[in-house]
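Below is upload-v6.cif, holding mmCIF, C-alpha atoms.
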```
data_protein
#
loop_
_atom_site.label_atom_id
_atom_site.label_comp_id
_atom_site.auth_asym_id
_atom_site.auth_seq_id
_atom_site.Cartn_x
_atom_site.Cartn_y
_atom_site.Cartn_z
CA MET A 1 10.81 13.59 58.74
CA LEU A 2 13.83 12.67 56.61
CA VAL A 3 14.05 9.26 54.98
CA LEU A 4 16.92 7.88 52.91
CA ALA A 5 15.88 5.30 50.30
CA ILE A 6 18.23 2.78 48.64
CA ASP A 7 17.61 0.18 45.97
CA THR A 8 20.35 -1.95 44.41
CA ALA A 9 18.38 -5.00 43.32
CA THR A 10 19.07 -4.45 39.60
CA PRO A 11 22.09 -3.15 37.65
CA GLN A 12 20.96 0.28 38.85
CA VAL A 13 22.17 2.06 41.99
CA ALA A 14 19.28 4.25 43.18
CA VAL A 15 19.29 6.58 46.18
CA ALA A 16 16.75 9.21 47.14
CA LEU A 17 16.28 11.49 50.10
CA GLY A 18 12.81 12.55 51.09
CA ASP A 19 11.30 14.91 53.60
CA ASP A 20 7.79 13.98 54.73
CA GLY A 21 7.40 11.86 51.60
CA ARG A 22 8.56 14.53 49.14
CA VAL A 23 11.80 13.83 47.34
CA ARG A 24 14.54 16.42 47.84
CA GLY A 25 17.08 14.60 45.70
CA GLU A 26 17.58 11.39 43.81
CA ILE A 27 20.60 9.75 42.19
CA ARG A 28 20.34 6.95 39.65
CA LEU A 29 23.38 5.28 38.17
CA VAL A 30 22.38 2.72 35.63
CA GLY A 31 23.96 -0.32 34.14
CA ARG A 32 27.54 -0.43 35.37
CA ARG A 33 26.84 -2.83 38.22
CA ARG A 34 29.35 -1.09 40.44
CA HIS A 35 27.11 -1.06 43.49
CA ALA A 36 29.91 -1.40 46.01
CA GLU A 37 31.88 1.49 44.49
CA GLN A 38 28.96 3.79 43.76
CA LEU A 39 26.46 3.51 46.60
CA ALA A 40 28.32 5.18 49.47
CA PRO A 41 29.61 8.13 47.35
CA ALA A 42 26.07 8.60 45.99
CA ILE A 43 24.66 8.79 49.52
CA ALA A 44 27.39 11.22 50.56
CA TYR A 45 26.79 13.48 47.53
CA LEU A 46 23.04 13.45 48.07
CA GLY A 47 23.52 14.46 51.69
CA GLU A 48 25.91 17.29 50.78
CA GLN A 49 23.71 18.72 48.05
CA THR A 50 20.49 18.57 50.08
CA ARG A 51 22.27 19.89 53.20
CA VAL A 52 21.17 16.91 55.22
CA ARG A 53 23.47 15.25 57.72
CA LEU A 54 23.05 11.53 58.23
CA GLU A 55 22.31 12.15 61.92
CA GLN A 56 19.12 13.94 60.88
CA LEU A 57 17.62 10.87 59.20
CA ALA A 58 14.51 9.41 60.80
CA ALA A 59 14.71 6.09 58.94
CA VAL A 60 16.47 4.30 56.13
CA ALA A 61 14.45 2.40 53.54
CA VAL A 62 15.81 -0.36 51.37
CA GLY A 63 14.61 -2.45 48.45
CA ILE A 64 15.21 -6.06 49.46
CA GLY A 65 14.87 -7.65 46.04
CA PRO A 66 14.45 -10.21 44.67
CA GLY A 67 17.28 -9.20 42.38
CA LEU A 68 20.97 -9.40 41.67
CA PHE A 69 22.73 -11.16 44.48
CA THR A 70 25.78 -8.93 44.69
CA GLY A 71 23.87 -5.67 44.34
CA LEU A 72 21.32 -6.67 46.96
CA ARG A 73 23.95 -7.50 49.49
CA VAL A 74 25.56 -4.08 49.05
CA GLY A 75 22.27 -2.19 49.45
CA VAL A 76 20.88 -4.22 52.32
CA THR A 77 24.17 -4.23 54.22
CA THR A 78 24.57 -0.47 53.79
CA ALA A 79 21.03 0.13 55.08
CA LYS A 80 21.56 -2.15 58.07
CA VAL A 81 24.89 -0.59 59.01
CA MET A 82 23.47 2.92 58.74
CA ALA A 83 20.44 2.00 60.83
CA GLN A 84 22.55 0.36 63.51
CA THR A 85 25.07 3.21 63.72
CA LEU A 86 22.48 5.98 63.59
CA ARG A 87 20.02 4.06 65.80
CA ILE A 88 17.15 4.53 63.38
CA PRO A 89 14.66 2.00 62.00
CA VAL A 90 14.82 0.23 58.64
CA VAL A 91 11.86 -0.06 56.30
CA ALA A 92 12.28 -3.09 54.02
CA VAL A 93 10.27 -3.08 50.80
CA PRO A 94 10.37 -5.72 48.05
CA SER A 95 11.91 -4.16 44.94
CA PRO A 96 9.15 -5.15 42.45
CA ASP A 97 6.76 -2.97 44.51
CA LEU A 98 9.02 -0.05 43.56
CA VAL A 99 8.52 -0.75 39.87
CA ALA A 100 4.75 -1.14 40.23
CA TYR A 101 4.02 1.86 42.46
CA PRO A 102 4.85 4.55 39.85
CA LEU A 103 2.35 2.80 37.53
CA ARG A 104 -0.53 3.02 40.02
CA HIS A 105 -2.56 5.20 37.65
CA ALA A 106 -2.27 2.74 34.78
CA GLY A 107 -5.76 1.41 35.40
CA ARG A 108 -4.99 -2.24 34.69
CA LEU A 109 -3.05 -5.23 35.91
CA ILE A 110 0.68 -4.56 36.27
CA ALA A 111 3.16 -7.41 35.83
CA VAL A 112 6.61 -6.56 37.14
CA VAL A 113 9.29 -8.64 35.44
CA LEU A 114 12.89 -8.28 36.58
CA ASP A 115 15.84 -9.99 34.88
CA ALA A 116 16.96 -12.83 37.16
CA ARG A 117 19.78 -14.00 34.80
CA ARG A 118 20.20 -17.68 34.05
CA ARG A 119 17.33 -17.13 31.58
CA GLU A 120 14.78 -16.63 34.34
CA VAL A 121 12.80 -13.67 35.63
CA PHE A 122 11.58 -12.50 39.02
CA HIS A 123 7.95 -11.51 38.75
CA ALA A 124 4.95 -10.25 40.73
CA ARG A 125 1.54 -8.85 39.72
CA TYR A 126 -0.28 -5.82 41.08
CA ARG A 127 -3.64 -4.08 40.73
CA PRO A 128 -4.03 -0.35 41.10
CA VAL A 129 -6.02 0.61 44.19
CA PRO A 130 -6.76 4.09 45.53
CA GLY A 131 -3.45 5.60 46.65
CA GLY A 132 -1.21 2.81 45.42
CA VAL A 133 -1.01 -0.74 44.18
CA GLN A 134 -1.99 -4.02 45.73
CA ARG A 135 0.02 -7.15 45.04
CA VAL A 136 -2.16 -9.99 43.74
CA SER A 137 0.45 -12.75 43.30
CA ASP A 138 3.41 -14.15 45.17
CA TYR A 139 6.92 -12.99 44.38
CA ALA A 140 8.22 -15.71 42.11
CA VAL A 141 11.22 -16.73 40.03
CA GLY A 142 11.10 -18.84 36.88
CA PRO A 143 11.25 -18.84 33.09
CA ALA A 144 9.36 -15.99 31.45
CA ALA A 145 7.25 -18.63 29.69
CA ASP A 146 5.67 -19.58 33.04
CA LEU A 147 4.56 -16.01 33.65
CA VAL A 148 3.28 -15.73 30.08
CA ALA A 149 1.17 -18.85 30.62
CA GLU A 150 -0.28 -17.43 33.85
CA LEU A 151 -1.08 -14.12 32.20
CA GLU A 152 -2.69 -15.89 29.25
CA ALA A 153 -4.90 -17.84 31.63
CA GLY A 154 -5.94 -14.61 33.39
CA ALA A 155 -7.04 -12.87 30.16
CA ASP A 156 -6.61 -9.43 31.76
CA GLU A 157 -5.25 -6.38 30.05
CA VAL A 158 -1.77 -6.13 31.43
CA LEU A 159 1.05 -3.61 31.57
CA LEU A 160 4.51 -5.19 31.57
CA ALA A 161 7.23 -3.34 33.48
CA GLY A 162 10.79 -4.10 34.50
CA ASP A 163 14.15 -4.94 32.92
CA GLY A 164 13.11 -8.56 32.41
CA VAL A 165 10.62 -7.61 29.70
CA GLU A 166 13.00 -6.62 26.92
CA PRO A 167 15.20 -9.78 26.97
CA ASN A 168 12.05 -11.91 26.81
CA ARG A 169 10.13 -9.82 24.32
CA PRO A 170 9.52 -12.70 21.87
CA GLN A 171 7.72 -14.66 24.59
CA PHE A 172 5.58 -11.75 25.76
CA ALA A 173 4.66 -11.05 22.13
CA SER A 174 2.21 -13.95 22.27
CA LEU A 175 0.03 -12.00 24.72
CA ASP A 176 -2.49 -9.91 22.79
CA ARG A 177 -3.69 -7.82 25.71
CA ALA A 178 -0.27 -6.78 26.96
CA GLU A 179 1.60 -3.53 26.56
CA GLU A 180 5.10 -2.55 27.69
CA ALA A 181 5.40 0.27 30.19
CA GLY A 182 8.67 1.37 28.58
CA PRO A 183 12.20 2.27 29.65
CA GLU A 184 11.16 4.72 32.38
CA PHE A 185 9.71 1.84 34.34
CA GLU A 186 12.49 -0.71 33.95
CA VAL A 187 14.01 -0.51 37.41
CA PRO A 188 12.85 0.10 40.98
CA SER A 189 12.22 3.75 41.79
CA ALA A 190 13.91 5.23 44.85
CA THR A 191 11.34 8.03 44.75
CA ALA A 192 8.59 5.43 45.12
CA LEU A 193 10.55 3.98 48.02
CA VAL A 194 10.63 7.37 49.76
CA GLU A 195 6.85 7.67 49.40
CA LEU A 196 6.07 4.13 50.50
CA ALA A 197 8.56 4.13 53.34
CA THR A 198 7.41 7.45 54.77
CA GLY A 199 3.89 6.08 55.23
CA ARG A 200 5.29 2.98 56.87
CA VAL A 201 7.47 4.97 59.25
CA GLU A 202 4.42 6.98 60.25
CA ARG A 203 2.54 3.73 60.92
CA GLU A 204 5.65 2.33 62.66
CA GLU A 205 5.90 -0.60 60.25
CA PHE A 206 9.63 -1.09 60.55
CA THR A 207 11.93 -4.05 60.65
CA SER A 208 14.73 -4.35 63.17
CA PRO A 209 18.07 -3.72 61.44
CA TRP A 210 19.20 -7.10 62.70
CA SER A 211 16.45 -9.00 60.97
CA VAL A 212 16.41 -7.31 57.57
CA GLN A 213 17.26 -9.92 54.94
CA PRO A 214 17.41 -9.75 51.18
CA MET A 215 14.67 -11.76 49.49
CA TYR A 216 16.58 -14.14 47.24
CA LEU A 217 13.76 -16.52 46.26
CA ARG A 218 16.28 -19.04 45.03
CA ALA A 219 17.09 -21.50 47.80
CA SER A 220 20.58 -20.73 48.99
CA ASP A 221 20.98 -22.76 52.17
CA ALA A 222 20.99 -26.05 50.27
CA GLU A 223 24.10 -28.20 50.24
CA LEU A 224 25.95 -28.71 47.01
CA ALA A 225 25.57 -32.18 45.54
CA TRP A 226 28.95 -33.65 46.46
CA GLY A 227 27.64 -37.03 47.55
CA GLN A 228 30.69 -39.22 48.25
CA ARG A 229 32.89 -37.43 45.79
CA ARG A 230 35.18 -35.41 48.02
CA MET B 231 20.64 -33.94 22.12
CA THR B 232 23.68 -36.01 21.25
CA ASP B 233 26.72 -36.03 23.44
CA LEU B 234 30.08 -35.87 21.70
CA ALA B 235 32.71 -38.34 22.88
CA LEU B 236 36.41 -37.78 22.35
CA LEU B 237 39.55 -39.63 23.34
CA THR B 238 42.72 -37.71 24.15
CA ARG B 239 46.06 -39.41 24.60
CA SER B 240 47.93 -36.75 26.58
CA PRO B 241 47.41 -33.54 28.56
CA THR B 242 48.55 -31.71 25.42
CA GLU B 243 45.67 -33.22 23.49
CA THR B 244 43.19 -32.43 26.28
CA ARG B 245 44.41 -28.87 26.14
CA GLY B 246 43.94 -28.92 22.38
CA VAL B 247 40.25 -29.74 22.80
CA GLY B 248 39.86 -26.74 25.09
CA ARG B 249 41.69 -24.54 22.57
CA ALA B 250 39.47 -25.76 19.74
CA LEU B 251 36.33 -25.15 21.77
CA ALA B 252 37.25 -21.46 22.06
CA ALA B 253 36.14 -21.04 18.44
CA VAL B 254 32.57 -21.93 19.40
CA VAL B 255 32.05 -20.12 22.71
CA ARG B 256 30.53 -16.65 23.10
CA PRO B 257 30.21 -14.13 25.94
CA GLY B 258 27.59 -15.33 28.42
CA ASP B 259 28.33 -19.02 27.88
CA VAL B 260 28.68 -21.38 30.81
CA LEU B 261 30.88 -24.47 30.68
CA VAL B 262 30.33 -27.02 33.43
CA VAL B 263 33.63 -28.87 33.70
CA ALA B 264 33.21 -32.18 35.50
CA GLY B 265 35.57 -34.99 36.42
CA ASP B 266 37.49 -36.40 39.34
CA LEU B 267 40.70 -35.00 40.78
CA GLY B 268 43.42 -35.34 38.19
CA ALA B 269 41.01 -35.91 35.34
CA GLY B 270 42.33 -32.84 33.55
CA LYS B 271 39.74 -30.17 34.25
CA THR B 272 42.27 -27.37 34.72
CA THR B 273 44.29 -28.61 31.74
CA PHE B 274 41.17 -28.37 29.62
CA VAL B 275 40.43 -24.84 30.83
CA GLN B 276 44.04 -23.85 30.18
CA GLY B 277 43.53 -24.83 26.55
CA LEU B 278 40.29 -22.86 26.44
CA ALA B 279 42.12 -19.81 27.79
CA GLU B 280 44.80 -20.14 25.09
CA GLY B 281 42.11 -20.35 22.47
CA LEU B 282 40.44 -17.23 23.86
CA GLY B 283 43.70 -15.35 23.58
CA VAL B 284 44.43 -15.02 27.29
CA PRO B 285 48.06 -13.87 27.15
CA ASP B 286 49.44 -15.42 30.34
CA GLY B 287 49.01 -18.92 31.62
CA ILE B 288 46.20 -19.67 33.99
CA VAL B 289 46.42 -21.46 37.31
CA SER B 290 43.91 -23.55 39.20
CA PRO B 291 41.52 -21.35 41.17
CA THR B 292 40.95 -24.01 43.87
CA PHE B 293 42.04 -21.65 46.66
CA THR B 294 40.94 -18.36 45.18
CA LEU B 295 37.58 -19.78 44.01
CA ALA B 296 37.35 -17.51 40.98
CA ARG B 297 39.84 -15.84 38.65
CA GLU B 298 39.22 -13.51 35.75
CA TYR B 299 41.32 -13.31 32.60
CA GLU B 300 41.20 -10.80 29.76
CA GLY B 301 41.29 -12.39 26.32
CA ARG B 302 39.46 -11.98 23.04
CA VAL B 303 36.50 -12.80 25.26
CA ARG B 304 36.87 -12.41 29.02
CA LEU B 305 37.18 -15.73 30.83
CA VAL B 306 36.00 -16.34 34.39
CA HIS B 307 37.46 -19.55 35.80
CA VAL B 308 35.82 -20.93 38.92
CA ASP B 309 36.51 -24.00 41.05
CA LEU B 310 33.83 -25.17 43.45
CA TYR B 311 35.98 -27.77 45.22
CA ARG B 312 36.16 -25.77 48.46
CA LEU B 313 32.46 -24.93 48.58
CA ASP B 314 29.84 -26.78 50.61
CA ARG B 315 26.69 -24.74 50.32
CA ALA B 316 24.80 -23.03 47.54
CA GLN B 317 25.01 -19.80 49.53
CA GLU B 318 28.77 -19.79 49.13
CA LEU B 319 28.40 -20.17 45.41
CA LEU B 320 25.89 -17.32 45.25
CA ASP B 321 28.29 -15.23 47.34
CA LEU B 322 30.74 -15.35 44.45
CA GLY B 323 28.24 -13.26 42.48
CA LEU B 324 28.90 -15.14 39.26
CA GLU B 325 25.79 -13.65 37.69
CA ASP B 326 27.43 -10.23 37.90
CA LEU B 327 30.98 -11.38 37.22
CA ALA B 328 30.29 -13.40 34.14
CA ASP B 329 27.28 -12.25 32.18
CA ASP B 330 29.55 -10.83 29.48
CA ALA B 331 32.28 -13.44 29.85
CA VAL B 332 32.76 -17.14 29.29
CA LEU B 333 32.31 -18.89 32.62
CA ALA B 334 34.18 -22.18 33.10
CA VAL B 335 33.19 -23.91 36.34
CA GLU B 336 35.28 -26.82 37.59
CA TRP B 337 33.17 -29.29 39.59
CA GLY B 338 30.18 -27.37 38.21
CA ASP B 339 28.13 -30.57 38.13
CA VAL B 340 27.68 -30.44 41.93
CA ALA B 341 25.89 -27.11 41.58
CA VAL B 342 24.19 -27.45 38.24
CA ALA B 343 20.87 -26.28 39.74
CA TYR B 344 22.49 -22.92 40.52
CA LEU B 345 24.12 -22.41 37.14
CA ALA B 346 22.51 -21.45 33.83
CA PRO B 347 20.23 -24.23 32.58
CA GLU B 348 21.77 -23.61 29.15
CA HIS B 349 25.36 -24.76 29.30
CA LEU B 350 27.88 -27.14 27.84
CA GLU B 351 28.88 -29.95 30.13
CA VAL B 352 32.43 -31.17 29.60
CA ARG B 353 33.04 -34.38 31.48
CA LEU B 354 36.56 -35.76 31.72
CA ALA B 355 37.39 -39.28 32.88
CA ALA B 356 40.43 -41.54 32.85
CA GLY B 357 40.42 -44.42 30.43
CA PRO B 358 38.86 -46.27 28.80
CA ASP B 359 42.17 -48.21 28.76
CA ALA B 360 43.25 -48.36 32.42
CA ASP B 361 46.89 -48.99 31.46
CA ALA B 362 47.15 -45.87 29.35
CA LEU B 363 47.54 -43.45 32.25
CA GLU B 364 47.46 -40.30 30.17
CA HIS B 365 44.38 -41.21 28.16
CA ARG B 366 41.17 -39.36 28.86
CA THR B 367 37.62 -39.66 27.65
CA LEU B 368 35.87 -36.33 27.14
CA ALA B 369 32.11 -36.20 26.85
CA LEU B 370 30.66 -32.91 25.64
CA ALA B 371 26.96 -32.58 26.40
CA PRO B 372 25.06 -29.55 25.07
CA ARG B 373 22.26 -28.47 27.40
CA GLY B 374 19.63 -26.03 26.23
CA ARG B 375 18.69 -24.46 22.94
CA SER B 376 21.69 -22.25 22.42
CA TRP B 377 24.10 -25.19 22.69
CA VAL B 378 21.99 -27.64 20.74
CA ALA B 379 21.92 -25.07 17.93
CA ARG B 380 25.71 -25.03 17.95
CA GLN B 381 26.10 -28.79 18.05
CA ASP B 382 27.44 -29.15 14.52
CA ALA B 383 29.87 -26.26 14.91
CA LEU B 384 30.97 -27.80 18.17
CA ALA B 385 31.58 -31.20 16.60
CA ALA B 386 33.47 -29.62 13.71
CA ALA B 387 35.64 -27.52 16.05
CA VAL B 388 36.74 -30.39 18.24
CA GLY B 389 36.98 -32.81 15.32
CA ALA B 390 34.50 -35.34 16.64
CA ALA B 391 32.61 -37.66 14.36
#
```
As structure tokens:
Amino acid sequence: MLVLAIDTATPQVAVALGDDGRVRGEIRLVGRRRHAEQLAPAIAYLGEQTRVRLEQLAAVAVGIGPGLFTGLRVGVTTAKVMAQTLRIPVVAVPSPDLVAYPLRHAGRLIAVVLDARRREVFHARYRPVPGGVQRVSDYAVGPAADLVAELEAGADEVLLAGDGVEPNRPQFASLDRAEEAGPEFEVPSATALVELATGRVEREEFTSPWSVQPMYLRASDAELAWGQRR
Amino acid sequence: MTDLALLTRSPTETRGVGRALAAVVRPGDVLVVAGDLGAGKTTFVQGLAEGLGVPDGIVSPTFTLAREYEGRVRLVHVDLYRLDRAQELLDLGLEDLADDAVLAVEWGDVAVAYLAPEHLEVRLAAGPDADALEHRTLALAPRGRSWVARQDALAAAVGAA
């Protein structure tokens, strides 16, 4: 069963192709924030090199954020269009899960912290459980200081992962039982998405392509505060 | 946090304040440019662009929503006048467009909740003398640590007391 996995919630463009949960190829392009230019060619290259035609895919999996607005729209739209054209299901997975899952053997609390810009972070906490991780908080957005306060109150040993850690290092420094997972675990893993999505396809936990939505967390349907001024 | 108040007597002087401010701004900064129609928001940003070394003149982005200019520091000039909903603002992807540029947002005060909490608010208003049609009052309000830290440099650059 072939699954294509896409995550564009951070400055990274990540694509992986898996067969029964094993990755046959993965492409990661980091830091240029050229999601719209890079995603489709990356998918095409991956297909060519693994000798897989898009028509053979059983499902497409996508990280739905929270994350960068522009990147998310590119990834989620691409996944929806592919699913609709190929008539295959979509598996939607929150992107912080894809940072936490590769750390499932860490043996302690995992705090995923992604850079939300505007001096805020997206964050979620996980505990390792047999075969994966279990989320133990809501997905949230706010100043890193809020997360630090919550972690201080919890007094757990914690592993910090995600690209929101480094820019807020001075604040996390006040935690004495925290350690950084390091650069390998800064961004969502498309390989993790292949593994997670394959299980969900087998259990038929899909979302209709029509209803897949990025998770923005910041309210976006609000009206701007024009009042009587226009 | 002390606001700086300035009086300009002509569009040229308003532009001069923008030009002077260029000495203080850095990549990643957000300027919320507030004021009614005709208050001189675009004039102010034109001065800023000159100060940042943008070679060609800039025009109001009211219809294009956002324009980018290459200067000593890249400038992203945005006008929210045509926008109604926060979603439309987020659709511009300013977080991606401007994290290594100076972002100047006309009418930014209507969307301040969606912009960086650390910013400089530049508010332009006619007056105080209603007969002096070209006079403008400019209030510069630093918001957040990074701007408060630059308050003195800011005052020195724009020549405020």
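When the distance limit is 12 Å and all atoms listed in the file are what count, the residues near Ala385 (chain B), minus those fewer than 6 positions from it on the same chain, are Thr232, Asp233, Leu234, Ala235, Leu236, Val247, Ala250, Leu251, Ala253, Val254, Ala369, Leu370, Ala371, Pro372, Trp377, Val378, Ala379 and Ala391 of chain B.
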Shell around region 265-275 of chain B at 10 Å using only C-alpha atoms, local window under 3 positions removed, as a PyMOL selection string:
(chain A and resi 229-230) or (chain B and resi 240-249+251-252+261-262+278-281+288-292+305+307+309+311+334-339+352-357+364-368)
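Across A:Asp146, A:Glu157, A:Glu120, A:Glu205, the tightest approach to Gly107 (chain A) is made by A:Glu157 when counting all atoms listed in the file.
Atom to atom, CA of Ala173 (chain A) and CA of Val136 (chain A) stand 22.7 Å apart.
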Apply the PyMOL selection byres ((chain B) within 10 of (chain A)) to the structure shown and report the selected residues as a compact mmCIF listing (two decimals) with C-alpha atoms, keeping the file's coordinate frame.
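Below you can see part.txt, which holds the result:
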```txt
# COMPACT_ATOMS: atom_id res chain seq x y z
CA GLY B 258 27.59 -15.33 28.42
CA VAL B 260 28.68 -21.38 30.81
CA ASP B 266 37.49 -36.40 39.34
CA LEU B 267 40.70 -35.00 40.78
CA LEU B 310 33.83 -25.17 43.45
CA TYR B 311 35.98 -27.77 45.22
CA ARG B 312 36.16 -25.77 48.46
CA LEU B 313 32.46 -24.93 48.58
CA ASP B 314 29.84 -26.78 50.61
CA ARG B 315 26.69 -24.74 50.32
CA ALA B 316 24.80 -23.03 47.54
CA GLN B 317 25.01 -19.80 49.53
CA GLU B 318 28.77 -19.79 49.13
CA LEU B 319 28.40 -20.17 45.41
CA LEU B 320 25.89 -17.32 45.25
CA ASP B 321 28.29 -15.23 47.34
CA LEU B 322 30.74 -15.35 44.45
CA GLY B 323 28.24 -13.26 42.48
CA LEU B 324 28.90 -15.14 39.26
CA GLU B 325 25.79 -13.65 37.69
CA ASP B 326 27.43 -10.23 37.90
CA LEU B 327 30.98 -11.38 37.22
CA ASP B 329 27.28 -12.25 32.18
CA TRP B 337 33.17 -29.29 39.59
CA GLY B 338 30.18 -27.37 38.21
CA ASP B 339 28.13 -30.57 38.13
CA VAL B 340 27.68 -30.44 41.93
CA ALA B 341 25.89 -27.11 41.58
CA VAL B 342 24.19 -27.45 38.24
CA ALA B 343 20.87 -26.28 39.74
CA TYR B 344 22.49 -22.92 40.52
CA LEU B 345 24.12 -22.41 37.14
CA ALA B 346 22.51 -21.45 33.83
CA PRO B 347 20.23 -24.23 32.58
CA GLU B 348 21.77 -23.61 29.15
CA HIS B 349 25.36 -24.76 29.30
```
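Atom pair CA of Ala14 (chain A) / CA of Arg28 (chain A): separated by 4.6 Å.
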With the file shown as input, list the residues that the PyMOL selection byres ((chain A and resi 46) around 12) selects, as a PyMOL selection string.
chain A and resi 4-6+14-18+23-28+39-45+47-54
Go ahead and compute the interatomic distance for CA of Pro128 (chain A) and CA of Ile110 (chain A), in Å to one decimal.
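Those two atoms sit 8.0 Å apart.
All residues of protein, DNA or RNA that reach within 9 Å of Asp330 (chain B), judged by all atoms listed in the file and not counting those fewer than 2 positions away in the chain, are Arg256, Pro257, Gly258, Asp259, Val303, Arg304, Asp326, Leu327, Ala328 and Val332 of chain B.
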Selected residue of minimal separation from Arg108 (chain A) among A:Val81, A:Val129, A:Leu147, A:Ile64, counting all atoms listed in the file:
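Checking each candidate against Arg108 (chain A), we get A:Val129 as the closest.
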Non-local contacts of Ala124 (chain A) (9 Å; all atoms listed in the file; under 6 positions in same chain excluded) as a list in words:
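Contacts, with the query itself left out: Pro96, Asp97, Ile110, Ala111, Val112, Val113, Arg135, Val136, Ser137, Asp138, Tyr139 and Ala140 of chain A.
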The PyMOL selection byres ((chain A and resi 192) around 10) applied to the shown file, residues as a list of chain:residue names:
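Matching residues under the PyMOL selection byres ((chain A and resi 192) around 10) are A:Ala5, A:Ala16, A:Gly21, A:Arg22, A:Val23, A:Asp97, A:Leu98, A:Val99, A:Ala100, A:Tyr101, A:Pro102, A:Pro188, A:Ser189, A:Ala190, A:Thr191, A:Leu193, A:Val194, A:Glu195, A:Leu196, A:Ala197, A:Thr198.
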Tell me which protein, DNA and RNA residues are within 12 Å of Asp176 (chain A), counting all atoms listed in the file, leaving out same-chain ones fewer than 2 positions away, and put them as a list in words.
Val148, Leu151, Glu152, Ala155, Asp156, Glu157, Val158, Leu159, Gln171, Phe172, Ala173, Ser174, Ala178, Glu179 and Glu180 of chain A
Convert the current residue selection to file output with C-alpha atoms, as a JSON list (two decimals), in the coordinates of the input.
```json
[["chain", "number", "residue", "atom", "x", "y", "z"],
["A", 148, "VAL", "CA", 3.28, -15.73, 30.08],
["A", 151, "LEU", "CA", -1.08, -14.12, 32.20],
["A", 152, "GLU", "CA", -2.69, -15.89, 29.25],
["A", 155, "ALA", "CA", -7.04, -12.87, 30.16],
["A", 156, "ASP", "CA", -6.61, -9.43, 31.76],
["A", 157, "GLU", "CA", -5.25, -6.38, 30.05],
["A", 158, "VAL", "CA", -1.77, -6.13, 31.43],
["A", 159, "LEU", "CA", 1.05, -3.61, 31.57],
["A", 171, "GLN", "CA", 7.72, -14.66, 24.59],
["A", 172, "PHE", "CA", 5.58, -11.75, 25.76],
["A", 173, "ALA", "CA", 4.66, -11.05, 22.13],
["A", 174, "SER", "CA", 2.21, -13.95, 22.27],
["A", 178, "ALA", "CA", -0.27, -6.78, 26.96],
["A", 179, "GLU", "CA", 1.60, -3.53, 26.56],
["A", 180, "GLU", "CA", 5.10, -2.55, 27.69]]
```
For Asp115 (chain A), the nearest of the candidates A:Ala9, A:Val93, A:Val201, A:Ala58, counting all atoms listed in the file:
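With all atoms listed in the file as the atom set, the closest residue is A:Ala9.
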Provide an axis-aligned box for all listed atoms of region 27-43 of chain A, padding each side by 6 Å; report its centre and its edge lengths in Å to one decimal, as AutoDock Vina command-line options.
```
--center_x 26.1 --center_y 3.5 --center_z 41.8 --size_x 23.5 --size_y 24.6 --size_z 27.4
```
